[in-house]
$ cat run_37.pdb   # PDB, C-alpha atoms and all ligand atoms
ATOM      1  CA  MET V   1      19.430   2.197  -6.868
ATOM      2  CA  THR V   2      17.741  -0.930  -8.111
ATOM      3  CA  TYR V   3      18.824  -4.475  -7.501
ATOM      4  CA  LEU V   4      18.514  -7.710  -9.289
ATOM      5  CA  PHE V   5      19.110 -10.257  -6.584
ATOM      6  CA  ASP V   6      19.193 -13.980  -5.884
ATOM      7  CA  PHE V   7      19.487 -15.176  -2.293
ATOM      8  CA  HIS V   8      19.526 -18.965  -2.712
ATOM      9  CA  SER V   9      21.973 -20.936  -4.870
ATOM     10  CA  HIS V  10      24.258 -23.981  -4.765
ATOM     11  CA  SER V  11      27.785 -24.810  -5.933
ATOM     12  CA  THR V  12      29.975 -27.927  -6.131
ATOM     13  CA  PHE V  13      30.659 -27.462  -2.404
ATOM     14  CA  SER V  14      27.245 -29.089  -1.914
ATOM     15  CA  ASP V  15      24.915 -30.431  -4.615
ATOM     16  CA  GLY V  16      25.351 -27.812  -7.348
ATOM     17  CA  THR V  17      27.242 -28.586 -10.541
ATOM     18  CA  LEU V  18      29.042 -25.231 -10.988
ATOM     19  CA  THR V  19      32.066 -24.188  -8.953
ATOM     20  CA  PRO V  20      31.590 -20.966  -6.966
ATOM     21  CA  GLU V  21      33.596 -19.134  -9.663
ATOM     22  CA  GLU V  22      31.415 -20.505 -12.467
ATOM     23  CA  LEU V  23      28.272 -19.743 -10.493
ATOM     24  CA  VAL V  24      29.222 -16.112  -9.864
ATOM     25  CA  LYS V  25      30.244 -15.624 -13.511
ATOM     26  CA  ARG V  26      26.909 -17.025 -14.617
ATOM     27  CA  ALA V  27      25.095 -14.719 -12.194
ATOM     28  CA  ALA V  28      27.031 -11.736 -13.545
ATOM     29  CA  GLY V  29      26.024 -12.788 -17.068
ATOM     30  CA  GLN V  30      22.402 -12.778 -15.925
ATOM     31  CA  GLN V  31      22.886  -9.214 -14.616
ATOM     32  CA  VAL V  32      22.479 -10.352 -11.011
ATOM     33  CA  GLU V  33      23.782  -7.580  -8.757
ATOM     34  CA  MET V  34      23.481  -9.260  -5.364
ATOM     35  CA  LEU V  35      24.057 -13.004  -5.016
ATOM     36  CA  ALA V  36      23.996 -15.335  -2.024
ATOM     37  CA  LEU V  37      25.701 -18.731  -2.177
ATOM     38  CA  THR V  38      23.722 -20.986   0.176
ATOM     39  CA  ASP V  39      25.260 -24.449  -0.007
ATOM     40  CA  HIS V  40      23.809 -27.217   2.167
ATOM     41  CA  ASP V  41      25.508 -27.142   5.583
ATOM     42  CA  THR V  42      28.755 -25.520   4.436
ATOM     43  CA  THR V  43      30.211 -22.067   3.801
ATOM     44  CA  GLU V  44      33.323 -23.435   2.166
ATOM     45  CA  GLY V  45      32.597 -21.865  -1.226
ATOM     46  CA  ALA V  46      32.326 -18.316   0.128
ATOM     47  CA  ALA V  47      35.973 -17.283  -0.294
ATOM     48  CA  ASP V  48      36.153 -18.285  -3.983
ATOM     49  CA  ALA V  49      32.740 -16.785  -4.686
ATOM     50  CA  PHE V  50      33.655 -13.529  -2.967
ATOM     51  CA  ARG V  51      36.861 -13.163  -4.968
ATOM     52  CA  THR V  52      35.086 -13.789  -8.270
ATOM     53  CA  ALA V  53      32.206 -11.493  -7.333
ATOM     54  CA  GLN V  54      34.637  -8.615  -6.722
ATOM     55  CA  MET V  55      36.091  -9.066 -10.209
ATOM     56  CA  HIS V  56      32.640  -8.986 -11.809
ATOM     57  CA  GLY V  57      31.044  -6.183  -9.803
ATOM     58  CA  VAL V  58      28.575  -8.528  -8.116
ATOM     59  CA  GLU V  59      27.746  -7.915  -4.471
ATOM     60  CA  PHE V  60      28.346 -11.228  -2.725
ATOM     61  CA  VAL V  61      26.301 -12.290   0.309
ATOM     62  CA  PRO V  62      27.817 -15.227   2.215
ATOM     63  CA  GLY V  63      25.095 -17.697   3.094
ATOM     64  CA  VAL V  64      24.255 -21.255   4.040
ATOM     65  CA  GLU V  65      21.232 -23.579   3.885
ATOM     66  CA  ILE V  66      21.044 -25.471   7.178
ATOM     67  CA  SER V  67      19.328 -28.869   7.500
ATOM     68  CA  VAL V  68      16.985 -28.830  10.508
ATOM     69  CA  SER V  69      14.831 -31.466  12.199
ATOM     70  CA  TRP V  70      11.666 -29.950  13.638
ATOM     71  CA  GLU V  71       8.721 -31.924  14.973
ATOM     72  CA  ARG V  72       9.660 -34.957  12.888
ATOM     73  CA  ASN V  73       9.993 -32.890   9.713
ATOM     74  CA  THR V  74      13.111 -31.863   7.844
ATOM     75  CA  LEU V  75      13.251 -28.124   7.207
ATOM     76  CA  HIS V  76      15.784 -25.922   5.480
ATOM     77  CA  ILE V  77      16.770 -22.661   7.142
ATOM     78  CA  VAL V  78      18.793 -20.242   5.031
ATOM     79  CA  GLY V  79      21.284 -17.965   6.765
ATOM     80  CA  LEU V  80      22.117 -14.767   4.865
ATOM     81  CA  ASN V  81      25.107 -12.498   5.418
ATOM     82  CA  VAL V  82      26.635 -14.944   7.890
ATOM     83  CA  ASP V  83      30.318 -14.834   8.810
ATOM     84  CA  PRO V  84      31.930 -17.954   7.301
ATOM     85  CA  ALA V  85      34.805 -17.638   9.792
ATOM     86  CA  ASN V  86      32.517 -17.817  12.820
ATOM     87  CA  VAL V  87      33.674 -20.695  15.016
ATOM     88  CA  GLU V  88      30.283 -21.613  16.488
ATOM     89  CA  LEU V  89      28.611 -21.670  13.069
ATOM     90  CA  GLU V  90      31.383 -23.811  11.591
ATOM     91  CA  ALA V  91      31.247 -26.237  14.523
ATOM     92  CA  GLY V  92      27.490 -26.622  14.056
ATOM     93  CA  LEU V  93      27.761 -27.131  10.292
ATOM     94  CA  SER V  94      30.593 -29.586  10.770
ATOM     95  CA  TRP V  95      28.398 -31.634  13.144
ATOM     96  CA  ILE V  96      25.616 -31.729  10.507
ATOM     97  CA  ARG V  97      28.107 -32.844   7.858
ATOM     98  CA  GLY V  98      29.026 -35.711  10.188
ATOM     99  CA  GLN V  99      25.333 -36.614  10.357
ATOM    100  CA  ARG V 100      25.250 -36.593   6.554
ATOM    101  CA  ALA V 101      28.119 -39.082   6.478
ATOM    102  CA  VAL V 102      26.197 -41.397   8.837
ATOM    103  CA  ARG V 103      23.034 -41.124   6.750
ATOM    104  CA  SER V 104      25.011 -41.828   3.547
ATOM    105  CA  GLN V 105      26.226 -45.116   5.020
ATOM    106  CA  ASN V 106      22.655 -46.089   5.841
ATOM    107  CA  ILE V 107      21.314 -45.151   2.401
ATOM    108  CA  ALA V 108      24.165 -47.098   0.802
ATOM    109  CA  LYS V 109      23.321 -50.170   2.904
ATOM    110  CA  LYS V 110      19.751 -50.102   1.633
ATOM    111  CA  LEU V 111      20.885 -49.713  -1.965
ATOM    112  CA  GLN V 112      23.384 -52.528  -1.470
ATOM    113  CA  LYS V 113      20.531 -54.785  -0.363
ATOM    114  CA  ALA V 114      18.816 -53.960  -3.644
ATOM    115  CA  GLY V 115      21.893 -55.288  -5.431
ATOM    116  CA  MET V 116      23.984 -52.161  -5.997
ATOM    117  CA  GLU V 117      27.648 -52.507  -5.121
ATOM    118  CA  ASN V 118      30.244 -49.935  -4.093
ATOM    119  CA  VAL V 119      27.596 -47.220  -3.926
ATOM    120  CA  LEU V 120      29.147 -45.350  -1.038
ATOM    121  CA  SER V 121      32.633 -45.002  -2.482
ATOM    122  CA  GLU V 122      31.223 -43.918  -5.843
ATOM    123  CA  VAL V 123      28.859 -41.352  -4.307
ATOM    124  CA  GLU V 124      31.601 -39.977  -2.055
ATOM    125  CA  ARG V 125      33.866 -39.684  -5.073
ATOM    126  CA  MET V 126      31.168 -37.763  -6.994
ATOM    127  CA  ALA V 127      30.461 -35.508  -4.022
ATOM    128  CA  GLY V 128      34.144 -34.977  -3.233
ATOM    129  CA  THR V 129      33.289 -35.525   0.443
ATOM    130  CA  GLU V 130      31.836 -38.047   2.878
ATOM    131  CA  SER V 131      28.970 -35.665   3.612
ATOM    132  CA  ALA V 132      27.118 -36.211   0.339
ATOM    133  CA  THR V 133      23.546 -35.120  -0.359
ATOM    134  CA  ARG V 134      20.682 -37.186  -1.722
ATOM    135  CA  THR V 135      21.208 -35.304  -5.001
ATOM    136  CA  HIS V 136      24.529 -37.157  -5.367
ATOM    137  CA  PHE V 137      22.810 -40.489  -4.711
ATOM    138  CA  ALA V 138      20.150 -39.561  -7.280
ATOM    139  CA  ARG V 139      22.828 -38.797  -9.890
ATOM    140  CA  TYR V 140      24.433 -42.178  -9.150
ATOM    141  CA  LEU V 141      21.076 -43.942  -9.628
ATOM    142  CA  VAL V 142      20.404 -42.164 -12.934
ATOM    143  CA  ASP V 143      23.955 -42.704 -14.245
ATOM    144  CA  ASN V 144      23.765 -46.422 -13.464
ATOM    145  CA  GLY V 145      20.365 -47.030 -15.003
ATOM    146  CA  HIS V 146      18.385 -47.457 -11.775
ATOM    147  CA  ALA V 147      16.142 -44.449 -12.471
ATOM    148  CA  LYS V 148      15.259 -42.639 -15.682
ATOM    149  CA  ASP V 149      15.752 -39.147 -14.229
ATOM    150  CA  MET V 150      16.313 -37.312 -10.940
ATOM    151  CA  GLN V 151      12.602 -37.070 -10.212
ATOM    152  CA  ALA V 152      12.222 -40.841 -10.626
ATOM    153  CA  ALA V 153      15.290 -41.476  -8.454
ATOM    154  CA  PHE V 154      13.644 -39.577  -5.589
ATOM    155  CA  LYS V 155      10.265 -41.191  -6.144
ATOM    156  CA  LYS V 156      11.491 -44.772  -6.334
ATOM    157  CA  TRP V 157      14.507 -44.690  -4.014
ATOM    158  CA  LEU V 158      15.375 -41.564  -2.043
ATOM    159  CA  GLY V 159      12.135 -39.738  -1.240
ATOM    160  CA  ARG V 160      10.037 -40.306   1.871
ATOM    161  CA  LYS V 161       8.316 -43.328   0.372
ATOM    162  CA  GLY V 162      11.362 -44.585  -1.510
ATOM    163  CA  LYS V 163      13.034 -47.967  -0.936
ATOM    164  CA  ALA V 164      16.268 -46.449   0.315
ATOM    165  CA  TYR V 165      14.808 -43.591   2.365
ATOM    166  CA  VAL V 166      16.653 -42.789   5.563
ATOM    167  CA  ASN V 167      15.447 -40.093   7.921
ATOM    168  CA  GLY V 168      18.331 -37.707   8.668
ATOM    169  CA  GLU V 169      18.981 -36.311  12.138
ATOM    170  CA  TRP V 170      19.780 -32.644  11.750
ATOM    171  CA  ALA V 171      20.171 -29.485  13.826
ATOM    172  CA  GLY V 172      17.401 -28.194  16.068
ATOM    173  CA  LEU V 173      15.505 -25.121  14.860
ATOM    174  CA  GLU V 174      16.658 -23.053  17.820
ATOM    175  CA  GLN V 175      20.283 -24.128  17.300
ATOM    176  CA  ALA V 176      20.284 -23.324  13.585
ATOM    177  CA  VAL V 177      18.738 -19.890  14.090
ATOM    178  CA  SER V 178      21.138 -19.055  16.906
ATOM    179  CA  TRP V 179      24.225 -20.126  14.920
ATOM    180  CA  ILE V 180      23.081 -17.837  12.104
ATOM    181  CA  ARG V 181      22.325 -14.898  14.395
ATOM    182  CA  ASN V 182      25.483 -15.259  16.465
ATOM    183  CA  SER V 183      27.538 -15.119  13.280
ATOM    184  CA  GLY V 184      25.888 -11.808  12.372
ATOM    185  CA  GLY V 185      23.445 -13.333   9.871
ATOM    186  CA  HIS V 186      19.709 -13.346   9.247
ATOM    187  CA  ALA V 187      17.664 -16.553   9.363
ATOM    188  CA  VAL V 188      15.099 -17.253   6.632
ATOM    189  CA  ILE V 189      12.660 -20.177   6.248
ATOM    190  CA  ALA V 190      13.510 -21.754   2.870
ATOM    191  CA  HIS V 191      10.838 -22.772   0.309
ATOM    192  CA  PRO V 192       7.980 -22.980   2.861
ATOM    193  CA  ALA V 193       5.416 -24.500   0.475
ATOM    194  CA  ARG V 194       7.616 -27.585   0.039
ATOM    195  CA  TYR V 195       6.803 -28.828   3.553
ATOM    196  CA  ASN V 196       3.104 -29.334   2.781
ATOM    197  CA  PHE V 197       2.154 -28.054   6.225
ATOM    198  CA  THR V 198      -1.411 -27.198   7.204
ATOM    199  CA  ALA V 199      -2.026 -23.493   7.857
ATOM    200  CA  THR V 200      -2.003 -24.210  11.587
ATOM    201  CA  LYS V 201       1.314 -26.031  11.453
ATOM    202  CA  MET V 202       2.883 -23.280   9.314
ATOM    203  CA  ARG V 203       1.780 -20.678  11.876
ATOM    204  CA  SER V 204       3.270 -22.741  14.659
ATOM    205  CA  LEU V 205       6.567 -23.021  12.745
ATOM    206  CA  ILE V 206       6.662 -19.262  12.112
ATOM    207  CA  GLU V 207       5.906 -18.478  15.741
ATOM    208  CA  ALA V 208       8.628 -20.816  17.028
ATOM    209  CA  PHE V 209      11.078 -19.506  14.403
ATOM    210  CA  GLN V 210      10.417 -15.880  15.372
ATOM    211  CA  ALA V 211      10.697 -16.649  19.073
ATOM    212  CA  PHE V 212      14.211 -18.004  18.396
ATOM    213  CA  GLY V 213      15.124 -14.863  16.431
ATOM    214  CA  GLY V 214      14.340 -15.835  12.825
ATOM    215  CA  VAL V 215      13.450 -12.845  10.647
ATOM    216  CA  GLY V 216      12.603 -13.908   7.091
ATOM    217  CA  ILE V 217      10.761 -16.276   4.795
ATOM    218  CA  GLU V 218      11.218 -17.140   1.133
ATOM    219  CA  VAL V 219       8.367 -15.740  -0.912
ATOM    220  CA  ALA V 220       9.798 -15.999  -4.422
ATOM    221  CA  THR V 221      11.532 -19.337  -5.090
ATOM    222  CA  SER V 222      11.515 -21.881  -7.897
ATOM    223  CA  SER V 223       9.635 -24.186  -5.495
ATOM    224  CA  HIS V 224       6.595 -21.854  -5.416
ATOM    225  CA  ASN V 225       3.869 -21.385  -8.003
ATOM    226  CA  ILE V 226       2.116 -18.014  -8.365
ATOM    227  CA  GLN V 227      -0.529 -18.832  -5.767
ATOM    228  CA  GLU V 228       2.057 -20.002  -3.235
ATOM    229  CA  LYS V 229       4.106 -16.874  -3.833
ATOM    230  CA  SER V 230       1.071 -14.684  -3.072
ATOM    231  CA  ALA V 231       0.102 -16.749  -0.051
ATOM    232  CA  PHE V 232       3.575 -16.532   1.499
ATOM    233  CA  ALA V 233       3.855 -12.825   0.696
ATOM    234  CA  ALA V 234       0.640 -12.319   2.663
ATOM    235  CA  LEU V 235       2.002 -14.440   5.502
ATOM    236  CA  ALA V 236       5.270 -12.455   5.514
ATOM    237  CA  LYS V 237       3.260  -9.246   5.790
ATOM    238  CA  ARG V 238       1.043 -10.602   8.517
ATOM    239  CA  TYR V 239       3.943 -11.823  10.661
ATOM    240  CA  ASN V 240       6.181  -8.882   9.868
ATOM    241  CA  LEU V 241       8.798 -11.186   8.343
ATOM    242  CA  TYR V 242      11.255 -10.006   5.712
ATOM    243  CA  ALA V 243      10.591 -11.540   2.295
ATOM    244  CA  SER V 244      13.418 -13.377   0.573
ATOM    245  CA  ALA V 245      13.786 -14.379  -3.043
ATOM    246  CA  GLY V 246      16.066 -17.074  -4.391
ATOM    247  CA  SER V 247      16.129 -19.348  -7.408
ATOM    248  CA  ASP V 248      17.577 -22.397  -5.552
ATOM    249  CA  PHE V 249      19.734 -22.813  -8.650
ATOM    250  CA  HIS V 250      21.683 -26.106  -8.713
ATOM    251  CA  THR V 251      22.646 -26.650 -12.335
ATOM    252  CA  PRO V 252      22.334 -25.156 -15.831
ATOM    253  CA  GLY V 253      19.900 -26.724 -18.253
ATOM    254  CA  ASN V 254      16.589 -26.237 -16.439
ATOM    255  CA  ARG V 255      14.591 -23.539 -18.216
ATOM    256  CA  ARG V 256      12.454 -22.890 -15.161
ATOM    257  CA  ILE V 257      15.329 -22.322 -12.756
ATOM    258  CA  GLU V 258      17.891 -19.660 -13.572
ATOM    259  CA  LEU V 259      19.974 -17.316 -11.425
ATOM    260  CA  GLY V 260      18.139 -14.057 -10.776
ATOM    261  CA  MET V 261      15.034 -15.067 -12.724
ATOM    262  CA  TYR V 262      11.372 -14.998 -11.677
ATOM    263  CA  LEU V 263      12.191 -13.471  -8.307
ATOM    264  CA  ALA V 264      10.110 -10.274  -8.245
ATOM    265  CA  LEU V 265       8.640  -9.516  -4.831
ATOM    266  CA  PRO V 266       5.347  -7.699  -4.343
ATOM    267  CA  ASP V 267       6.009  -4.163  -3.152
ATOM    268  CA  TYR V 268       4.002  -4.512   0.039
ATOM    269  CA  VAL V 269       6.615  -6.832   1.597
ATOM    270  CA  ARG V 270      10.016  -5.794   2.948
ATOM    271  CA  PRO V 271      12.854  -7.384   0.970
ATOM    272  CA  VAL V 272      15.342  -9.270   3.122
ATOM    273  CA  TRP V 273      18.384  -7.293   1.973
ATOM    274  CA  GLU V 274      17.102  -4.386   4.077
ATOM    275  CA  CYS V 275      18.415  -6.422   7.020
ATOM    276  CA  TRP V 276      22.026  -5.717   6.102
ATOM    277  CA  LYS V 277      21.790  -2.639   3.890
ATOM    278  CA  SER V 278      20.382   0.714   4.814
ATOM    279  CA  SER V 279      16.983   0.836   3.198
ATOM    280  CA  LYS V 280      16.429   4.578   3.472
ATOM    281  CA  ALA V 281      18.506   5.716   0.543
ATOM    282  CA  GLU V 282      17.654   2.874  -1.738
ATOM    283  CA  GLN V 283      14.574   1.607  -3.413
ATOM    284  CA  HIS V 284      14.195  -2.010  -4.205
ATOM    285  CA  VAL V 285      12.991  -3.121  -7.544
ATOM    286  CA  VAL V 286      12.326  -5.769  -9.666
ATOM    287  CA  ASN V 287      13.569  -9.067 -10.855
ATOM    288  CA  GLU V 288      12.089 -10.624 -13.882
TER
HETATM  289  P1  LIG V 301      19.486 -33.861   1.361
HETATM  290  O1  LIG V 301      19.652 -32.529   2.021
HETATM  291  O2  LIG V 301      20.792 -34.593   1.212
HETATM  292  O3  LIG V 301      18.406 -34.701   1.982
HETATM  293  O4  LIG V 301      19.064 -33.595  -0.140
HETATM  294  C1  LIG V 301      18.051 -32.695  -0.406
HETATM  295  C2  LIG V 301      18.275 -32.149  -1.816
HETATM  296  O5  LIG V 301      17.791 -33.083  -2.758
HETATM  297  C3  LIG V 301      17.479 -30.882  -2.060
HETATM  298  O6  LIG V 301      18.225 -29.771  -1.670
HETATM  299  C4  LIG V 301      17.284 -30.911  -3.550
HETATM  300  O7  LIG V 301      18.400 -30.335  -4.189
HETATM  301  C5  LIG V 301      17.265 -32.385  -3.880
HETATM  302  N1  LIG V 301      15.910 -32.909  -4.107
HETATM  303  C6  LIG V 301      14.964 -33.199  -3.203
HETATM  304  N2  LIG V 301      13.852 -33.719  -3.783
HETATM  305  C7  LIG V 301      14.113 -33.763  -5.123
HETATM  306  C8  LIG V 301      13.385 -34.192  -6.276
HETATM  307  N3  LIG V 301      12.150 -34.713  -6.175
HETATM  308  N4  LIG V 301      13.975 -34.087  -7.483
HETATM  309  C9  LIG V 301      15.226 -33.589  -7.597
HETATM  310  N5  LIG V 301      15.959 -33.152  -6.553
HETATM  311  C10 LIG V 301      15.413 -33.242  -5.324
HETATM  312 MN    MN V 302      19.981 -29.180  -2.968
HETATM  313 MN    MN V 303      16.297 -26.685   0.316
HETATM  314 MN    MN V 304      18.646 -25.085  -1.750
END

$ encode --input "run_37.pdb" --output "structure tokens" --more "lines below"
Ligand code: AMP
Ligand code: MN
Ligand code: MN
Ligand code: MN
Amino acid sequence: MTYLFDFHSHSTFSDGTLTPEELVKRAAGQQVEMLALTDHDTTEGAADAFRTAQMHGVEFVPGVEISVSWERNTLHIVGLNVDPANVELEAGLSWIRGQRAVRSQNIAKKLQKAGMENVLSEVERMAGTESATRTHFARYLVDNGHAKDMQAAFKKWLGRKGKAYVNGEWAGLEQAVSWIRNSGGHAVIAHPARYNFTATKMRSLIEAFQAFGGVGIEVATSSHNIQEKSAFAALAKRYNLYASAGSDFHTPGNRRIELGMYLALPDYVRPVWECWKSSKAEQHVVNE
């Protein structure tokens, strides 16, 4: 048995542009056999995705990407094979979505001061919820001529040094990992190279994460170049972490980021799906 997998993707339930149905159909078209939907701080898309996956012969893995505050940094922790009906998980995610709503108001205030009116209502309309992401703000800024593209919107307005930056207050690392574990899932550090940590700080994150029960780290992701992929594969091996692979797909139209693509893992790491599938009878292989 060989798998083409993708364990990190987004739908319209967070900042993706495809509905869960459209996302799963696209994955099936890309020959993806195992797909995780990992929306930011919600599992709401899982039911629709699951139904569509059954029709297309795709194995669906319910997931989530949890926003975490750790030592004054924002981290993303992916939960794989979680139970979307778990009450503790849903209560935790619902609290984070409330925090998103608070942050949105504060971002909107800053944009208002820069002369933009009715930002909040427009962004909430685009997001379909009060718990919008910065991606929705970025789309608003691009659509209204305040930035030439998404990258520029983050640089000028929404990123750490941007004029409308607001630091979010998210879940604790221990909380996020325990919600994932208690719902039967497996916790994975998302796109580790994105945090720009020193080697010492990355080790301290991994050690804390493992002490709380975290088991995996993303090795192959669209956020990593070849060198980063090798470096995090080596780190996964060294710390005995499962290696995950996910495109972090948000929207069609980016040639570098496609469901199931560029996700091959080196064969000296243990792929994360072994956590929930018996690994004995099956051999993993190769995404390209
Ligand atoms: P939030 O969780 O609301 O703070 O938003 C974070 C999301 O913004 C990430 O998941 C990405 O999808 C998106 N994002 C962050 N930085 C950038 C960037 N420089 N360009 C485009 N999208 C970005
Ligand atoms: Mn996102
Ligand atoms: Mn992320
Ligand atoms: Mn993501």

$ resolve_selection --input "run_37.pdb" --expression "the PyMOL selection byres (((chain V and resi 68-75) around 8) and not hetatm)" --output "VMD selection string"
chain V and resid 66 to 67 76 to 77 168 to 173 176 190 195

$ resolve_selection --input "run_37.pdb" --expression "the PyMOL selection byres (((chain V and resi 230-238) around 10) and not hetatm)" --output "PDB file with C-alpha atoms, keeping the file's coordinate frame"
ATOM      1  CA  HIS V 191      10.838 -22.772   0.309  1.00  0.00           C
ATOM      2  CA  PRO V 192       7.980 -22.980   2.861  1.00  0.00           C
ATOM      3  CA  ALA V 193       5.416 -24.500   0.475  1.00  0.00           C
ATOM      4  CA  MET V 202       2.883 -23.280   9.314  1.00  0.00           C
ATOM      5  CA  ARG V 203       1.780 -20.678  11.876  1.00  0.00           C
ATOM      6  CA  ILE V 206       6.662 -19.262  12.112  1.00  0.00           C
ATOM      7  CA  VAL V 215      13.450 -12.845  10.647  1.00  0.00           C
ATOM      8  CA  GLY V 216      12.603 -13.908   7.091  1.00  0.00           C
ATOM      9  CA  ILE V 217      10.761 -16.276   4.795  1.00  0.00           C
ATOM     10  CA  GLU V 218      11.218 -17.140   1.133  1.00  0.00           C
ATOM     11  CA  VAL V 219       8.367 -15.740  -0.912  1.00  0.00           C
ATOM     12  CA  ALA V 220       9.798 -15.999  -4.422  1.00  0.00           C
ATOM     13  CA  HIS V 224       6.595 -21.854  -5.416  1.00  0.00           C
ATOM     14  CA  ASN V 225       3.869 -21.385  -8.003  1.00  0.00           C
ATOM     15  CA  ILE V 226       2.116 -18.014  -8.365  1.00  0.00           C
ATOM     16  CA  GLN V 227      -0.529 -18.832  -5.767  1.00  0.00           C
ATOM     17  CA  GLU V 228       2.057 -20.002  -3.235  1.00  0.00           C
ATOM     18  CA  LYS V 229       4.106 -16.874  -3.833  1.00  0.00           C
ATOM     19  CA  TYR V 239       3.943 -11.823  10.661  1.00  0.00           C
ATOM     20  CA  ASN V 240       6.181  -8.882   9.868  1.00  0.00           C
ATOM     21  CA  LEU V 241       8.798 -11.186   8.343  1.00  0.00           C
ATOM     22  CA  TYR V 242      11.255 -10.006   5.712  1.00  0.00           C
ATOM     23  CA  ALA V 243      10.591 -11.540   2.295  1.00  0.00           C
ATOM     24  CA  SER V 244      13.418 -13.377   0.573  1.00  0.00           C
ATOM     25  CA  LEU V 265       8.640  -9.516  -4.831  1.00  0.00           C
ATOM     26  CA  PRO V 266       5.347  -7.699  -4.343  1.00  0.00           C
ATOM     27  CA  ASP V 267       6.009  -4.163  -3.152  1.00  0.00           C
ATOM     28  CA  TYR V 268       4.002  -4.512   0.039  1.00  0.00           C
ATOM     29  CA  VAL V 269       6.615  -6.832   1.597  1.00  0.00           C
ATOM     30  CA  ARG V 270      10.016  -5.794   2.948  1.00  0.00           C
TER      31      ARG V 270
END

$ residues_near_ligand --input "run_37.pdb" --ligand "ligand MN 302 (chain V)" --cutoff "8 Å" --atoms "all atoms listed in the file" --output "PyMOL selection string"
chain V and resi 10+14-16+39-40+133+135+248+250

$ atom_distance --input "run_37.pdb" --atom1 "CA of Leu93 (chain V)" --atom2 "CA of Ser204 (chain V)"
25.3 Å

$ resolve_selection --input "run_37.pdb" --expression "the PyMOL selection byres (((chain V and resi 114-126) around 10) and not hetatm)" --output "mmCIF file with C-alpha atoms, in the frame of the given file"
data_model
loop_
_atom_site.group_PDB
_atom_site.id
_atom_site.type_symbol
_atom_site.label_atom_id
_atom_site.label_comp_id
_atom_site.auth_asym_id
_atom_site.auth_seq_id
_atom_site.Cartn_x
_atom_site.Cartn_y
_atom_site.Cartn_z
ATOM 1 C CA THR V 12 29.975 -27.927 -6.131
ATOM 2 C CA ASP V 15 24.915 -30.431 -4.615
ATOM 3 C CA ALA V 101 28.119 -39.082 6.478
ATOM 4 C CA SER V 104 25.011 -41.828 3.547
ATOM 5 C CA GLN V 105 26.226 -45.116 5.020
ATOM 6 C CA ASN V 106 22.655 -46.089 5.841
ATOM 7 C CA ILE V 107 21.314 -45.151 2.401
ATOM 8 C CA ALA V 108 24.165 -47.098 0.802
ATOM 9 C CA LYS V 109 23.321 -50.170 2.904
ATOM 10 C CA LYS V 110 19.751 -50.102 1.633
ATOM 11 C CA LEU V 111 20.885 -49.713 -1.965
ATOM 12 C CA GLN V 112 23.384 -52.528 -1.470
ATOM 13 C CA LYS V 113 20.531 -54.785 -0.363
ATOM 14 C CA ALA V 127 30.461 -35.508 -4.022
ATOM 15 C CA GLY V 128 34.144 -34.977 -3.233
ATOM 16 C CA THR V 129 33.289 -35.525 0.443
ATOM 17 C CA GLU V 130 31.836 -38.047 2.878
ATOM 18 C CA SER V 131 28.970 -35.665 3.612
ATOM 19 C CA ALA V 132 27.118 -36.211 0.339
ATOM 20 C CA THR V 133 23.546 -35.120 -0.359
ATOM 21 C CA ARG V 134 20.682 -37.186 -1.722
ATOM 22 C CA THR V 135 21.208 -35.304 -5.001
ATOM 23 C CA HIS V 136 24.529 -37.157 -5.367
ATOM 24 C CA PHE V 137 22.810 -40.489 -4.711
ATOM 25 C CA ALA V 138 20.150 -39.561 -7.280
ATOM 26 C CA ARG V 139 22.828 -38.797 -9.890
ATOM 27 C CA TYR V 140 24.433 -42.178 -9.150
ATOM 28 C CA LEU V 141 21.076 -43.942 -9.628
ATOM 29 C CA ASN V 144 23.765 -46.422 -13.464
ATOM 30 C CA HIS V 146 18.385 -47.457 -11.775
ATOM 31 C CA LYS V 163 13.034 -47.967 -0.936
ATOM 32 C CA ALA V 164 16.268 -46.449 0.315
#

$ atom_distance --input "run_37.pdb" --atom1 "atom C1 of ligand LIG 301 (chain V)" --atom2 "CA of Thr251 (chain V)"
14.1 Å

$ atom_distance --input "run_37.pdb" --atom1 "CA of Gly63 (chain V)" --atom2 "CA of Gly185 (chain V)"
8.2 Å
